[in-house]
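Asks: So here's protein_15.pdb (PDB, C-alpha atoms).
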ATOM      1  CA  GLN A  12     104.807 139.621 -28.755  1.00  0.00           C
ATOM      2  CA  VAL A  13     101.848 141.238 -27.029  1.00  0.00           C
ATOM      3  CA  GLN A  14      98.627 142.357 -28.674  1.00  0.00           C
ATOM      4  CA  LEU A  15      95.876 144.495 -27.205  1.00  0.00           C
ATOM      5  CA  GLN A  16      92.398 144.405 -28.664  1.00  0.00           C
ATOM      6  CA  GLU A  17      89.869 147.061 -27.727  1.00  0.00           C
ATOM      7  CA  SER A  18      86.141 146.856 -28.206  1.00  0.00           C
ATOM      8  CA  GLY A  19      82.986 148.633 -27.126  1.00  0.00           C
ATOM      9  CA  GLY A  20      83.210 151.981 -28.850  1.00  0.00           C
ATOM     10  CA  GLY A  21      80.379 153.471 -30.832  1.00  0.00           C
ATOM     11  CA  LEU A  22      77.845 156.258 -31.104  1.00  0.00           C
ATOM     12  CA  VAL A  23      75.886 157.308 -28.039  1.00  0.00           C
ATOM     13  CA  GLN A  24      73.724 160.250 -27.084  1.00  0.00           C
ATOM     14  CA  GLU A  25      74.759 162.790 -24.506  1.00  0.00           C
ATOM     15  CA  GLY A  26      74.136 161.417 -21.023  1.00  0.00           C
ATOM     16  CA  GLY A  27      74.446 157.843 -22.182  1.00  0.00           C
ATOM     17  CA  SER A  28      76.895 155.107 -21.260  1.00  0.00           C
ATOM     18  CA  LEU A  29      79.409 152.861 -22.958  1.00  0.00           C
ATOM     19  CA  LYS A  30      81.750 150.200 -21.651  1.00  0.00           C
ATOM     20  CA  LEU A  31      85.088 149.689 -23.334  1.00  0.00           C
ATOM     21  CA  SER A  32      87.076 146.486 -23.060  1.00  0.00           C
ATOM     22  CA  CYS A  33      90.684 145.706 -23.846  1.00  0.00           C
ATOM     23  CA  GLU A  34      92.075 142.191 -23.807  1.00  0.00           C
ATOM     24  CA  ALA A  35      95.758 141.388 -23.924  1.00  0.00           C
ATOM     25  CA  SER A  36      97.126 138.295 -25.599  1.00  0.00           C
ATOM     26  CA  GLY A  37     100.546 136.874 -26.292  1.00  0.00           C
ATOM     27  CA  ARG A  38     103.536 136.451 -24.010  1.00  0.00           C
ATOM     28  CA  LEU A  39     102.210 137.998 -20.804  1.00  0.00           C
ATOM     29  CA  PHE A  40     104.798 137.222 -18.166  1.00  0.00           C
ATOM     30  CA  ARG A  41     104.342 140.336 -16.058  1.00  0.00           C
ATOM     31  CA  LEU A  42     101.329 142.543 -16.514  1.00  0.00           C
ATOM     32  CA  ARG A  43     101.908 145.399 -14.078  1.00  0.00           C
ATOM     33  CA  ALA A  44      99.620 148.213 -15.130  1.00  0.00           C
ATOM     34  CA  MET A  45      96.676 148.964 -17.373  1.00  0.00           C
ATOM     35  CA  GLY A  46      95.238 152.225 -18.519  1.00  0.00           C
ATOM     36  CA  TRP A  47      93.156 154.211 -20.946  1.00  0.00           C
ATOM     37  CA  TYR A  48      93.996 157.285 -23.001  1.00  0.00           C
ATOM     38  CA  ARG A  49      92.045 159.186 -25.570  1.00  0.00           C
ATOM     39  CA  GLN A  50      92.759 161.496 -28.472  1.00  0.00           C
ATOM     40  CA  ALA A  51      90.228 163.911 -29.854  1.00  0.00           C
ATOM     41  CA  PRO A  52      90.605 165.406 -33.347  1.00  0.00           C
ATOM     42  CA  GLY A  53      93.267 168.071 -33.375  1.00  0.00           C
ATOM     43  CA  LYS A  54      94.288 167.414 -29.785  1.00  0.00           C
ATOM     44  CA  GLN A  55      97.042 165.553 -28.015  1.00  0.00           C
ATOM     45  CA  ARG A  56      96.506 162.142 -26.539  1.00  0.00           C
ATOM     46  CA  GLU A  57      95.496 162.443 -22.895  1.00  0.00           C
ATOM     47  CA  ARG A  58      95.484 160.046 -19.990  1.00  0.00           C
ATOM     48  CA  ILE A  59      92.087 159.097 -18.617  1.00  0.00           C
ATOM     49  CA  ALA A  60      92.529 156.394 -16.031  1.00  0.00           C
ATOM     50  CA  SER A  61      94.911 153.682 -14.952  1.00  0.00           C
ATOM     51  CA  THR A  62      95.242 150.855 -12.490  1.00  0.00           C
ATOM     52  CA  THR A  63      98.185 148.800 -11.274  1.00  0.00           C
ATOM     53  CA  ILE A  64      98.632 145.315  -9.880  1.00  0.00           C
ATOM     54  CA  ASP A  65      98.854 146.789  -6.383  1.00  0.00           C
ATOM     55  CA  ASP A  66      95.515 148.554  -6.930  1.00  0.00           C
ATOM     56  CA  ALA A  67      96.840 152.073  -7.325  1.00  0.00           C
ATOM     57  CA  THR A  68      94.252 153.902  -9.394  1.00  0.00           C
ATOM     58  CA  TYR A  69      94.342 157.212 -11.235  1.00  0.00           C
ATOM     59  CA  TYR A  70      91.576 159.234 -12.824  1.00  0.00           C
ATOM     60  CA  ALA A  71      91.864 162.465 -14.726  1.00  0.00           C
ATOM     61  CA  GLU A  72      89.814 165.236 -13.166  1.00  0.00           C
ATOM     62  CA  PHE A  73      87.556 165.519 -16.189  1.00  0.00           C
ATOM     63  CA  VAL A  74      86.297 161.929 -15.786  1.00  0.00           C
ATOM     64  CA  LYS A  75      86.118 161.591 -12.013  1.00  0.00           C
ATOM     65  CA  GLY A  76      82.668 160.516 -10.944  1.00  0.00           C
ATOM     66  CA  ARG A  77      81.720 159.491 -14.488  1.00  0.00           C
ATOM     67  CA  PHE A  78      84.234 156.857 -15.618  1.00  0.00           C
ATOM     68  CA  THR A  79      85.359 153.734 -13.789  1.00  0.00           C
ATOM     69  CA  ILE A  80      88.339 151.571 -14.619  1.00  0.00           C
ATOM     70  CA  SER A  81      88.306 147.913 -13.653  1.00  0.00           C
ATOM     71  CA  ARG A  82      90.103 144.772 -14.662  1.00  0.00           C
ATOM     72  CA  ASP A  83      89.774 141.014 -14.847  1.00  0.00           C
ATOM     73  CA  ASN A  84      93.218 139.664 -14.067  1.00  0.00           C
ATOM     74  CA  ALA A  85      92.307 136.126 -15.033  1.00  0.00           C
ATOM     75  CA  LYS A  86      91.350 137.303 -18.522  1.00  0.00           C
ATOM     76  CA  ASN A  87      94.079 139.945 -18.869  1.00  0.00           C
ATOM     77  CA  THR A  88      91.362 142.452 -19.602  1.00  0.00           C
ATOM     78  CA  VAL A  89      90.801 146.036 -18.561  1.00  0.00           C
ATOM     79  CA  PHE A  90      87.488 147.849 -18.786  1.00  0.00           C
ATOM     80  CA  LEU A  91      86.393 151.445 -18.844  1.00  0.00           C
ATOM     81  CA  GLN A  92      82.818 152.087 -17.830  1.00  0.00           C
ATOM     82  CA  MET A  93      81.808 155.504 -19.100  1.00  0.00           C
ATOM     83  CA  ASN A  94      78.645 157.136 -17.786  1.00  0.00           C
ATOM     84  CA  LYS A  95      77.116 160.567 -18.250  1.00  0.00           C
ATOM     85  CA  LEU A  96      78.936 160.966 -21.531  1.00  0.00           C
ATOM     86  CA  LYS A  97      79.375 164.421 -22.987  1.00  0.00           C
ATOM     87  CA  PRO A  98      80.042 165.546 -26.552  1.00  0.00           C
ATOM     88  CA  GLU A  99      83.540 166.563 -25.453  1.00  0.00           C
ATOM     89  CA  ASP A 100      84.219 162.906 -24.641  1.00  0.00           C
ATOM     90  CA  THR A 101      84.205 162.212 -28.365  1.00  0.00           C
ATOM     91  CA  ALA A 102      87.601 160.744 -29.241  1.00  0.00           C
ATOM     92  CA  VAL A 103      89.490 157.633 -30.149  1.00  0.00           C
ATOM     93  CA  TYR A 104      90.115 155.675 -26.970  1.00  0.00           C
ATOM     94  CA  TYR A 105      93.282 153.641 -26.555  1.00  0.00           C
ATOM     95  CA  CYS A 106      94.160 151.079 -23.954  1.00  0.00           C
ATOM     96  CA  THR A 107      97.705 150.575 -22.812  1.00  0.00           C
ATOM     97  CA  MET A 108      99.339 147.948 -20.653  1.00  0.00           C
ATOM     98  CA  MET A 109     102.746 147.510 -19.098  1.00  0.00           C
ATOM     99  CA  VAL A 110     103.704 143.949 -19.913  1.00  0.00           C
ATOM    100  CA  ASN A 111     107.121 142.454 -19.371  1.00  0.00           C
ATOM    101  CA  ASP A 112     108.360 145.973 -18.451  1.00  0.00           C
ATOM    102  CA  GLN A 113     107.254 147.440 -21.780  1.00  0.00           C
ATOM    103  CA  TRP A 114     104.245 149.551 -22.689  1.00  0.00           C
ATOM    104  CA  PHE A 115     101.952 148.247 -25.387  1.00  0.00           C
ATOM    105  CA  TRP A 116      99.040 150.010 -27.068  1.00  0.00           C
ATOM    106  CA  GLY A 117      95.832 148.952 -28.676  1.00  0.00           C
ATOM    107  CA  GLN A 118      94.714 150.199 -32.058  1.00  0.00           C
ATOM    108  CA  GLY A 119      92.004 152.415 -30.600  1.00  0.00           C
ATOM    109  CA  THR A 120      88.228 152.379 -30.570  1.00  0.00           C
ATOM    110  CA  ARG A 121      86.164 155.374 -31.581  1.00  0.00           C
ATOM    111  CA  VAL A 122      83.608 156.915 -29.240  1.00  0.00           C
ATOM    112  CA  THR A 123      81.221 159.534 -30.569  1.00  0.00           C
ATOM    113  CA  VAL A 124      78.823 161.366 -28.274  1.00  0.00           C
ATOM    114  CA  SER A 125      76.046 163.293 -29.967  1.00  0.00           C
ATOM    115  CA  SER A 126      74.306 166.265 -28.390  1.00  0.00           C
TER     116      SER A 126
END
Give the structure from the file, written as structure tokens.

Replies:
Amino acid sequence: QVQLQESGGGLVQEGGSLKLSCEASGRLFRLRAMGWYRQAPGKQRERIASTTIDDATYYAEFVKGRFTISRDNAKNTVFLQMNKLKPEDTAVYYCTMMVNDQWFWGQGTRVTVSS
């Protein structure tokens, strides 16, 4: 089984920064892709950023220039550096990883941006 554990969420003022982390543990034979999604109250879950083992990277338009995804392959960890945060970034943030040809999800970490 594979478990993903997120950390780093919290309360921050508009314009501030947070860095989220997500570490995978368990039977990690093939970790091919990592990504971040978020879900705001009353809205659908939306994709934010992702990265693959061949360094293909995706960013949603609404985070380009503000958020950066990175990873530490040795530690099976993916990060999301979030700068210039806005109140509309308030949401529960989920990491996801493709491991052993299956997608796994973390439990989510809450980010609240106050104006």

Asks: Go through the shown structure with the PyMOL selection byres ((chain A and resi 112) around 12) and write out the matching residues as a PyMOL selection string.

Replies: chain A and resi 13+39-44+108-111+113-115

Asks: Residue by residue, what does the PyMOL selection byres ((chain A and resi 91) around 10) grab here? Present the result as a count of residues only.

Replies: 23

Asks: Report the distance between CA of Lys54 (chain A) and CA of Gln24 (chain A) in Å, rounded to one decimal place.

Replies: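 If I compute the distance from CA of Lys54 (chain A) to CA of Gln24 (chain A), I get 21.9 Å.
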
Asks: List every protein, DNA or RNA residue that has an atom no more than 9 Å from (73.8, 161.7, -23.3) in the file's coordinate frame, counting all atoms listed in the file, and report them as a list in words.

Replies: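 Residues with an atom close enough to that point: Val23, Gln24, Glu25, Gly26, Gly27, Ser28, Asn94, Lys95, Leu96, Lys97, Pro98, Val124, Ser125 and Ser126 of chain A.
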
Asks: Starting from 3 Å padding per side, set up an axis-aligned box that covers all listed atoms of region 31-48 of chain A and hand over centre and edge lengths in Å, one decimal, as JSON.

Replies:
{"center_x": 94.9, "center_y": 146.9, "center_z": -20.2, "size_x": 25.7, "size_y": 26.8, "size_z": 18.2}

Asks: Pick out the closest residue to Arg58 (chain A) from this set: A:Thr123, A:Thr107, A:Gln118, A:Gln14. Count all atoms listed in the file.

Replies: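 For Arg58 (chain A), the nearest of the candidates is A:Thr107.
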
Asks: On this structure, the PyMOL selection byres ((chain A and resi 121) around 6) would catch which residues? List them as number ranges by chain, sorted by chain and number.

Replies: A: 20, 103, 120, 122

Asks: If you measure from CA of Met45 (chain A) to CA of Gly119 (chain A), what distance in Å do you get, rounded to one decimal?

Replies: 14.4 Å

Asks: How many Å separate CA of Thr63 (chain A) from CA of Lys86 (chain A)?

Replies: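 Here the two named atoms are 15.2 Å from each other.
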
Asks: Between A:Glu99, A:Tyr105, A:Ile64, A:Gly53, which has the minimum distance to Glu17 (chain A) (counting all atoms listed in the file)?

Replies: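 Among A:Glu99, A:Tyr105, A:Ile64, A:Gly53, it is A:Tyr105 that comes nearest to Glu17 (chain A).
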
Asks: Identify which of the residues A:Gly117, A:Gly76, A:Pro52, A:Gly37 lies closest to Leu15 (chain A), counting only C-alpha atoms when measuring atom-to-atom distances.

Replies: A:Gly117

Asks: Under the rule that all atoms listed in the file are counted, which of A:Trp116, A:Arg49, A:Arg38, A:Asn84 is the nearest residue to Asp66 (chain A)?

Replies: A:Asn84
